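For reference, my_file_26.cif (mmCIF, C-alpha atoms, pLDDT in the B column; chains and numbers go by the auth columns):
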data_model
#
loop_
_atom_site.group_PDB
_atom_site.id
_atom_site.type_symbol
_atom_site.label_atom_id
_atom_site.label_comp_id
_atom_site.label_asym_id
_atom_site.label_seq_id
_atom_site.Cartn_x
_atom_site.Cartn_y
_atom_site.Cartn_z
_atom_site.B_iso_or_equiv
_atom_site.auth_seq_id
_atom_site.auth_asym_id
ATOM 1 C CA MET A 1 -51.727 79.576 34.202 44.00 14 A
ATOM 2 C CA ALA A 2 -53.213 82.673 35.748 45.00 15 A
ATOM 3 C CA TYR A 3 -52.260 86.116 34.497 42.00 16 A
ATOM 4 C CA LEU A 4 -51.111 89.006 36.627 41.00 17 A
ATOM 5 C CA LEU A 5 -51.920 92.642 36.450 38.00 18 A
ATOM 6 C CA ILE A 6 -48.980 94.941 37.069 38.00 19 A
ATOM 7 C CA SER A 7 -48.331 98.708 37.258 34.00 20 A
ATOM 8 C CA GLY A 8 -45.860 101.066 38.839 39.00 21 A
ATOM 9 C CA VAL A 9 -48.292 103.977 38.681 37.00 22 A
ATOM 10 C CA PRO A 10 -49.162 105.381 42.122 42.00 23 A
ATOM 11 C CA VAL A 11 -52.844 105.296 43.041 39.00 24 A
ATOM 12 C CA ALA A 12 -53.198 109.059 42.639 41.00 25 A
ATOM 13 C CA ASP A 13 -51.731 108.875 39.128 45.00 26 A
ATOM 14 C CA ALA A 14 -53.723 105.842 38.057 44.00 27 A
ATOM 15 C CA GLY A 15 -56.226 107.981 36.185 51.00 28 A
ATOM 16 C CA TRP A 16 -59.805 108.932 36.842 56.00 29 A
ATOM 17 C CA PHE A 17 -61.244 105.572 35.870 63.00 30 A
ATOM 18 C CA GLN A 18 -58.463 103.173 36.867 73.00 31 A
ATOM 19 C CA ASN A 19 -57.612 101.854 40.273 88.00 32 A
ATOM 20 C CA ARG A 20 -54.060 100.838 41.144 90.00 33 A
ATOM 21 C CA ASP A 21 -54.513 97.192 40.100 89.00 34 A
ATOM 22 C CA GLN A 22 -56.076 98.208 36.787 91.00 35 A
ATOM 23 C CA ALA A 23 -53.159 100.502 36.074 91.00 36 A
ATOM 24 C CA ALA A 24 -50.799 97.677 37.030 90.00 37 A
ATOM 25 C CA GLN A 25 -52.625 95.372 34.636 93.00 38 A
ATOM 26 C CA GLN A 26 -52.191 97.909 31.866 92.00 39 A
ATOM 27 C CA SER A 27 -48.451 98.100 32.603 91.00 40 A
ATOM 28 C CA TYR A 28 -48.287 94.307 32.572 93.00 41 A
ATOM 29 C CA GLU A 29 -50.038 94.129 29.210 93.00 42 A
ATOM 30 C CA GLU A 30 -47.569 96.715 27.857 94.00 43 A
ATOM 31 C CA GLY A 31 -44.656 94.538 28.987 94.00 44 A
ATOM 32 C CA GLU A 32 -43.653 96.860 31.816 94.00 45 A
ATOM 33 C CA TYR A 33 -43.362 94.029 34.322 94.00 46 A
ATOM 34 C CA ASP A 34 -41.349 95.884 36.992 93.00 47 A
ATOM 35 C CA ALA A 35 -43.894 98.694 37.053 92.00 48 A
ATOM 36 C CA ALA A 36 -46.707 96.196 37.152 92.00 49 A
ATOM 37 C CA ALA A 37 -45.108 94.321 40.065 93.00 50 A
ATOM 38 C CA ASN A 38 -44.899 97.595 42.008 94.00 51 A
ATOM 39 C CA GLY A 39 -48.562 98.339 41.331 93.00 52 A
ATOM 40 C CA PHE A 40 -50.267 95.085 42.136 94.00 53 A
ATOM 41 C CA SER A 41 -51.751 94.629 45.579 93.00 54 A
ATOM 42 C CA ASP A 42 -52.058 90.855 45.166 93.00 55 A
ATOM 43 C CA HIS A 43 -49.109 88.540 45.938 96.00 56 A
ATOM 44 C CA TYR A 44 -49.964 86.163 43.102 96.00 57 A
ATOM 45 C CA ARG A 45 -50.111 88.869 40.445 95.00 58 A
ATOM 46 C CA THR A 46 -46.995 90.518 41.811 96.00 59 A
ATOM 47 C CA GLY A 47 -45.201 87.159 41.673 96.00 60 A
ATOM 48 C CA VAL A 48 -46.161 86.615 38.056 96.00 61 A
ATOM 49 C CA ALA A 49 -44.993 90.109 37.098 96.00 62 A
ATOM 50 C CA LEU A 50 -41.675 89.643 38.902 97.00 63 A
ATOM 51 C CA TYR A 51 -41.216 86.263 37.210 96.00 64 A
ATOM 52 C CA LYS A 52 -41.830 87.873 33.800 96.00 65 A
ATOM 53 C CA ALA A 53 -39.330 90.603 34.742 96.00 66 A
ATOM 54 C CA GLY A 54 -36.740 87.910 35.492 96.00 67 A
ATOM 55 C CA ASP A 55 -36.728 88.511 39.256 97.00 68 A
ATOM 56 C CA TYR A 56 -37.101 84.853 40.223 97.00 69 A
ATOM 57 C CA GLU A 57 -36.102 85.370 43.840 97.00 70 A
ATOM 58 C CA GLY A 58 -38.688 88.124 44.275 97.00 71 A
ATOM 59 C CA SER A 59 -41.356 86.131 42.490 97.00 72 A
ATOM 60 C CA ALA A 60 -40.669 83.113 44.729 97.00 73 A
ATOM 61 C CA ARG A 61 -41.125 85.309 47.825 97.00 74 A
ATOM 62 C CA GLU A 62 -44.461 86.551 46.471 97.00 75 A
ATOM 63 C CA PHE A 63 -45.712 83.077 45.504 97.00 76 A
ATOM 64 C CA GLU A 64 -44.867 81.824 49.006 97.00 77 A
ATOM 65 C CA GLN A 65 -47.197 84.479 50.462 97.00 78 A
ATOM 66 C CA VAL A 66 -50.248 83.749 48.303 96.00 79 A
ATOM 67 C CA GLN A 67 -53.352 83.251 50.454 94.00 80 A
ATOM 68 C CA ARG A 68 -56.070 83.181 47.754 93.00 81 A
ATOM 69 C CA GLU A 69 -57.461 79.649 47.433 94.00 82 A
ATOM 70 C CA ASP A 70 -58.482 80.145 43.789 95.00 83 A
ATOM 71 C CA VAL A 71 -54.812 80.468 42.747 96.00 84 A
ATOM 72 C CA ALA A 72 -53.067 78.585 45.579 96.00 85 A
ATOM 73 C CA ILE A 73 -52.057 75.555 43.484 96.00 86 A
ATOM 74 C CA ASP A 74 -50.996 77.752 40.555 96.00 87 A
ATOM 75 C CA ALA A 75 -48.858 79.765 42.991 97.00 88 A
ATOM 76 C CA ILE A 76 -47.133 76.586 44.183 97.00 89 A
ATOM 77 C CA TYR A 77 -46.529 75.529 40.574 97.00 90 A
ATOM 78 C CA ASN A 78 -45.086 78.957 39.744 97.00 91 A
ATOM 79 C CA LEU A 79 -43.010 78.818 42.918 97.00 92 A
ATOM 80 C CA GLY A 80 -41.509 75.600 41.575 96.00 93 A
ATOM 81 C CA ASN A 81 -40.725 77.340 38.294 96.00 94 A
ATOM 82 C CA ALA A 82 -39.103 80.288 40.085 97.00 95 A
ATOM 83 C CA ARG A 83 -36.992 77.931 42.179 97.00 96 A
ATOM 84 C CA PHE A 84 -36.022 75.982 39.077 95.00 97 A
ATOM 85 C CA MET A 85 -34.837 79.180 37.419 96.00 98 A
ATOM 86 C CA GLN A 86 -32.685 79.858 40.498 96.00 99 A
ATOM 87 C CA GLU A 87 -31.280 76.318 40.187 94.00 100 A
ATOM 88 C CA GLN A 88 -32.875 75.369 43.512 95.00 101 A
ATOM 89 C CA TYR A 89 -33.830 71.980 42.103 94.00 102 A
ATOM 90 C CA GLU A 90 -34.642 70.235 45.405 95.00 103 A
ATOM 91 C CA ARG A 91 -37.016 73.037 46.390 96.00 104 A
ATOM 92 C CA ALA A 92 -38.542 73.073 42.893 96.00 105 A
ATOM 93 C CA GLU A 93 -39.074 69.317 43.196 95.00 106 A
ATOM 94 C CA GLU A 94 -40.920 69.833 46.495 96.00 107 A
ATOM 95 C CA ALA A 95 -43.208 72.408 44.899 97.00 108 A
ATOM 96 C CA TYR A 96 -44.074 70.205 41.904 96.00 109 A
ATOM 97 C CA GLU A 97 -44.720 67.237 44.197 96.00 110 A
ATOM 98 C CA GLU A 98 -47.077 69.367 46.276 97.00 111 A
ATOM 99 C CA VAL A 99 -48.947 70.454 43.147 96.00 112 A
ATOM 100 C CA LEU A 100 -49.329 66.812 42.067 96.00 113 A
ATOM 101 C CA ALA A 101 -50.506 65.805 45.546 96.00 114 A
ATOM 102 C CA ARG A 102 -53.272 68.388 45.293 96.00 115 A
ATOM 103 C CA ARG A 103 -53.917 68.200 41.535 95.00 116 A
ATOM 104 C CA PRO A 104 -52.741 64.770 40.270 94.00 117 A
ATOM 105 C CA GLU A 105 -53.873 65.391 36.686 93.00 118 A
ATOM 106 C CA ASP A 106 -51.531 68.383 36.229 93.00 119 A
ATOM 107 C CA GLU A 107 -49.367 67.258 33.298 93.00 120 A
ATOM 108 C CA ASP A 108 -47.218 70.412 33.317 94.00 121 A
ATOM 109 C CA ALA A 109 -46.254 69.824 36.944 95.00 122 A
ATOM 110 C CA ARG A 110 -45.590 66.151 36.185 93.00 123 A
ATOM 111 C CA THR A 111 -43.355 67.059 33.233 92.00 124 A
ATOM 112 C CA ASN A 112 -41.480 69.657 35.287 94.00 125 A
ATOM 113 C CA LEU A 113 -41.051 67.172 38.122 94.00 126 A
ATOM 114 C CA ILE A 114 -39.505 64.656 35.738 91.00 127 A
ATOM 115 C CA LEU A 115 -37.220 67.367 34.357 91.00 128 A
ATOM 116 C CA VAL A 116 -36.083 68.531 37.797 93.00 129 A
ATOM 117 C CA GLN A 117 -35.538 64.949 38.957 92.00 130 A
ATOM 118 C CA ALA A 118 -33.377 64.391 35.892 89.00 131 A
ATOM 119 C CA MET A 119 -31.429 67.554 36.778 87.00 132 A
ATOM 120 C CA LEU A 120 -30.906 66.162 40.270 89.00 133 A
ATOM 121 C CA GLY A 121 -29.636 62.896 38.833 87.00 134 A
ATOM 122 C CA LYS A 122 -32.567 60.961 40.287 82.00 135 A
ATOM 123 C CA LEU A 123 -33.586 59.802 36.828 71.00 136 A
ATOM 124 C CA ASP A 124 -31.450 58.746 33.934 65.00 137 A
ATOM 125 C CA GLU A 125 -32.281 59.757 30.365 62.00 138 A
ATOM 126 C CA GLU A 126 -33.844 56.379 29.587 65.00 139 A
ATOM 127 C CA THR A 127 -36.176 56.633 32.583 63.00 140 A
ATOM 128 C CA VAL A 128 -37.193 60.175 31.609 58.00 141 A
ATOM 129 C CA PHE A 129 -38.143 59.072 28.087 61.00 142 A
ATOM 130 C CA LYS A 130 -39.854 55.969 29.455 63.00 143 A
ATOM 131 C CA LYS A 131 -41.976 58.080 31.804 59.00 144 A
ATOM 132 C CA GLU A 132 -42.872 60.445 28.979 57.00 145 A
ATOM 133 C CA ALA A 133 -43.856 57.491 26.770 57.00 146 A
ATOM 134 C CA GLN A 134 -46.090 56.092 29.509 59.00 147 A
ATOM 135 C CA LYS A 135 -48.259 59.209 29.604 59.00 148 A
ATOM 136 C CA PRO A 136 -50.667 58.164 26.795 63.00 149 A
ATOM 137 C CA GLU A 137 -50.964 54.690 28.316 65.00 150 A
ATOM 138 C CA GLN A 138 -51.597 56.153 31.773 66.00 151 A
ATOM 139 C CA LYS A 139 -54.181 58.506 30.318 68.00 152 A
ATOM 140 C CA ALA A 140 -56.010 55.603 28.651 72.00 153 A
ATOM 141 C CA GLN A 141 -55.935 53.635 31.909 73.00 154 A
ATOM 142 C CA LYS A 142 -57.254 56.631 33.810 73.00 155 A
ATOM 143 C CA GLU A 143 -60.084 57.091 31.301 76.00 156 A
ATOM 144 C CA GLN A 144 -60.989 53.394 31.556 79.00 157 A
ATOM 145 C CA LYS A 145 -61.012 53.636 35.336 79.00 158 A
ATOM 146 C CA GLU A 146 -63.223 56.733 35.211 81.00 159 A
ATOM 147 C CA GLN A 147 -65.631 55.018 32.804 82.00 160 A
ATOM 148 C CA LYS A 148 -65.801 51.976 35.062 83.00 161 A
ATOM 149 C CA GLU A 149 -66.471 54.182 38.091 85.00 162 A
ATOM 150 C CA GLN A 150 -69.199 56.035 36.213 85.00 163 A
ATOM 151 C CA GLN A 151 -70.779 52.752 35.175 85.00 164 A
ATOM 152 C CA GLU A 152 -70.655 51.468 38.758 87.00 165 A
ATOM 153 C CA GLN A 153 -72.209 54.686 40.019 87.00 166 A
ATOM 154 C CA GLN A 154 -74.941 54.428 37.418 87.00 167 A
ATOM 155 C CA GLU A 155 -75.635 50.811 38.385 88.00 168 A
ATOM 156 C CA GLN A 156 -75.755 51.761 42.055 88.00 169 A
ATOM 157 C CA GLN A 157 -78.140 54.590 41.257 89.00 170 A
ATOM 158 C CA GLU A 158 -80.370 52.231 39.264 88.00 171 A
ATOM 159 C CA GLN A 159 -80.344 49.693 42.111 89.00 172 A
ATOM 160 C CA LYS A 160 -81.209 52.432 44.574 88.00 173 A
ATOM 161 C CA GLU A 161 -84.093 53.600 42.378 89.00 174 A
ATOM 162 C CA GLN A 162 -85.356 50.024 42.005 90.00 175 A
ATOM 163 C CA GLN A 163 -85.190 49.526 45.773 90.00 176 A
ATOM 164 C CA GLU A 164 -87.077 52.777 46.321 90.00 177 A
ATOM 165 C CA GLN A 165 -89.740 51.713 43.808 90.00 178 A
ATOM 166 C CA LYS A 166 -90.044 48.343 45.518 90.00 179 A
ATOM 167 C CA GLU A 167 -90.399 50.001 48.925 91.00 180 A
ATOM 168 C CA GLN A 168 -93.004 52.408 47.553 91.00 181 A
ATOM 169 C CA GLN A 169 -94.927 49.502 46.045 92.00 182 A
ATOM 170 C CA GLN A 170 -94.805 47.638 49.364 91.00 183 A
ATOM 171 C CA GLN A 171 -96.015 50.723 51.227 91.00 184 A
ATOM 172 C CA LYS A 172 -98.825 51.132 48.731 90.00 185 A
ATOM 173 C CA GLU A 173 -99.855 47.492 49.121 90.00 186 A
ATOM 174 C CA GLN A 174 -99.741 47.771 52.910 90.00 187 A
ATOM 175 C CA GLN A 175 -101.834 50.913 52.774 90.00 188 A
ATOM 176 C CA GLU A 176 -104.351 49.213 50.478 89.00 189 A
ATOM 177 C CA GLN A 177 -104.526 46.198 52.811 90.00 190 A
ATOM 178 C CA GLN A 178 -105.016 48.478 55.781 89.00 191 A
ATOM 179 C CA GLU A 179 -107.784 50.359 53.965 88.00 192 A
ATOM 180 C CA GLN A 180 -109.463 47.080 53.041 88.00 193 A
ATOM 181 C CA GLN A 181 -109.223 45.913 56.631 88.00 194 A
ATOM 182 C CA GLU A 182 -110.717 49.184 57.843 87.00 195 A
ATOM 183 C CA GLN A 183 -113.544 48.899 55.294 86.00 196 A
ATOM 184 C CA LYS A 184 -114.257 45.360 56.455 84.00 197 A
ATOM 185 C CA GLU A 185 -114.354 46.468 60.065 84.00 198 A
ATOM 186 C CA GLN A 186 -116.646 49.348 59.168 84.00 199 A
ATOM 187 C CA GLN A 187 -119.009 47.021 57.308 83.00 200 A
ATOM 188 C CA GLN A 188 -119.090 44.688 60.290 82.00 201 A
ATOM 189 C CA GLN A 189 -119.931 47.557 62.614 83.00 202 A
ATOM 190 C CA ASN A 190 -122.672 48.724 60.273 79.00 203 A
ATOM 191 C CA GLU A 191 -124.299 45.287 60.300 68.00 204 A
#
Would you mind giving the structure from this file in structure tokens?
Amino acid sequence: MAYLLISGVPVADAGWFQNRDQAAQQSYEEGEYDAAANGFSDHYRTGVALYKAGDYEGSAREFEQVQREDVAIDAIYNLGNARFMQEQYERAEEAYEEVLARRPEDEDARTNLILVQAMLGKLDEETVFKKEAQKPEQKAQKEQKEQKEQQEQQEQQEQKEQQEQKEQQQQKEQQEQQEQQEQKEQQQQNE
């Protein structure tokens, strides 16, 4: 999870060596989340500060506006959390599904999706526990699949290298034959 910097200190009051975002970060670190939210210039950081302050509606609005690619998926995940806290379970479900579509290995999003689906009555308790129990098995299967893919890639690379060596050898032999032919022709011309 990414951290936000938050501060309610105006730029002029931020201090000689702090810009507005740095002052907001200091406020955030001091637990002054409202002040931090007012100081951040970044939607993601503002959203995190508002979430920490308990303003889930405000944080959802900020997370929806995030444009930075480096935190885009985290913003969607946090949007799901903010919606969950507002009991907007269908919208939270959409957010977690989007995270998993873009980052399938995200176990936190998967767990939250299962939880929200249980809240919506889409899963019964037995199914929830069954899905949770399948995680280690799914992880082992995923690791086996990855190992197999790596092995196949390695074999393909080795085959490619062998083919390249074979082609190089053939080119070398052809060049040697051509040189021998040229030498023969030269000897015949000299005679």
Q: Name the residues in contact with range 57-60 of chain A at a cut-off of 9 Å, using all atoms listed in the file, excluding same-chain residues fewer than 5 positions from it; report them as a list in words.
A: Ala15, Tyr16, Leu17, Leu18, Ile19, Ala49, Ala50, Asn51, Gly52, Lys65, Asp68, Tyr69, Gly71, Ser72, Ala73, Arg74, Glu75, Phe76, Glu77, Gln78, Val79, Gln80, Arg81, Val84, Ala85, Asp87, Ala88, Asn91 and Leu92 of chain A
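Here CA of Asp55 in chain A stands at a distance of 8.5 Å from CA of Asp34 in chain A.
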Q: Let me know the residues the PyMOL selection byres ((chain A and resi 127) around 9) catches in the file above, as a ChimeraX atom specification.
A: /A:106,122-126,128-132,136,141,144-145
Write to file, as a CSV table (one decimal), keeping the file's coordinate frame, the residues of the selection just made, with C-alpha atoms.
chain,number,residue,atom,x,y,z
A,106,GLU,CA,-39.1,69.3,43.2
A,122,ALA,CA,-46.3,69.8,36.9
A,123,ARG,CA,-45.6,66.2,36.2
A,124,THR,CA,-43.4,67.1,33.2
A,125,ASN,CA,-41.5,69.7,35.3
A,126,LEU,CA,-41.1,67.2,38.1
A,128,LEU,CA,-37.2,67.4,34.4
A,129,VAL,CA,-36.1,68.5,37.8
A,130,GLN,CA,-35.5,64.9,39.0
A,131,ALA,CA,-33.4,64.4,35.9
A,132,MET,CA,-31.4,67.6,36.8
A,136,LEU,CA,-33.6,59.8,36.8
A,141,VAL,CA,-37.2,60.2,31.6
A,144,LYS,CA,-42.0,58.1,31.8
A,145,GLU,CA,-42.9,60.4,29.0
Q: Could you check how far CA of Glu111 in chain A sits from CA of Tyr90 in chain A, in Å to one decimal?
A: 8.4 Å
Q: In Å, rounded to a single decimal, give me how far CA of Ala95 in chain A is from CA of Leu63 in chain A.
A: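 CA of Leu63 in chain A sits 9.8 Å away from CA of Ala95 in chain A.
Residue nearest Arg115 in chain A, chosen from A:Gln202, A:Gln163, A:Glu42, A:Ile89 and counting all atoms listed in the file: A:Ile89.
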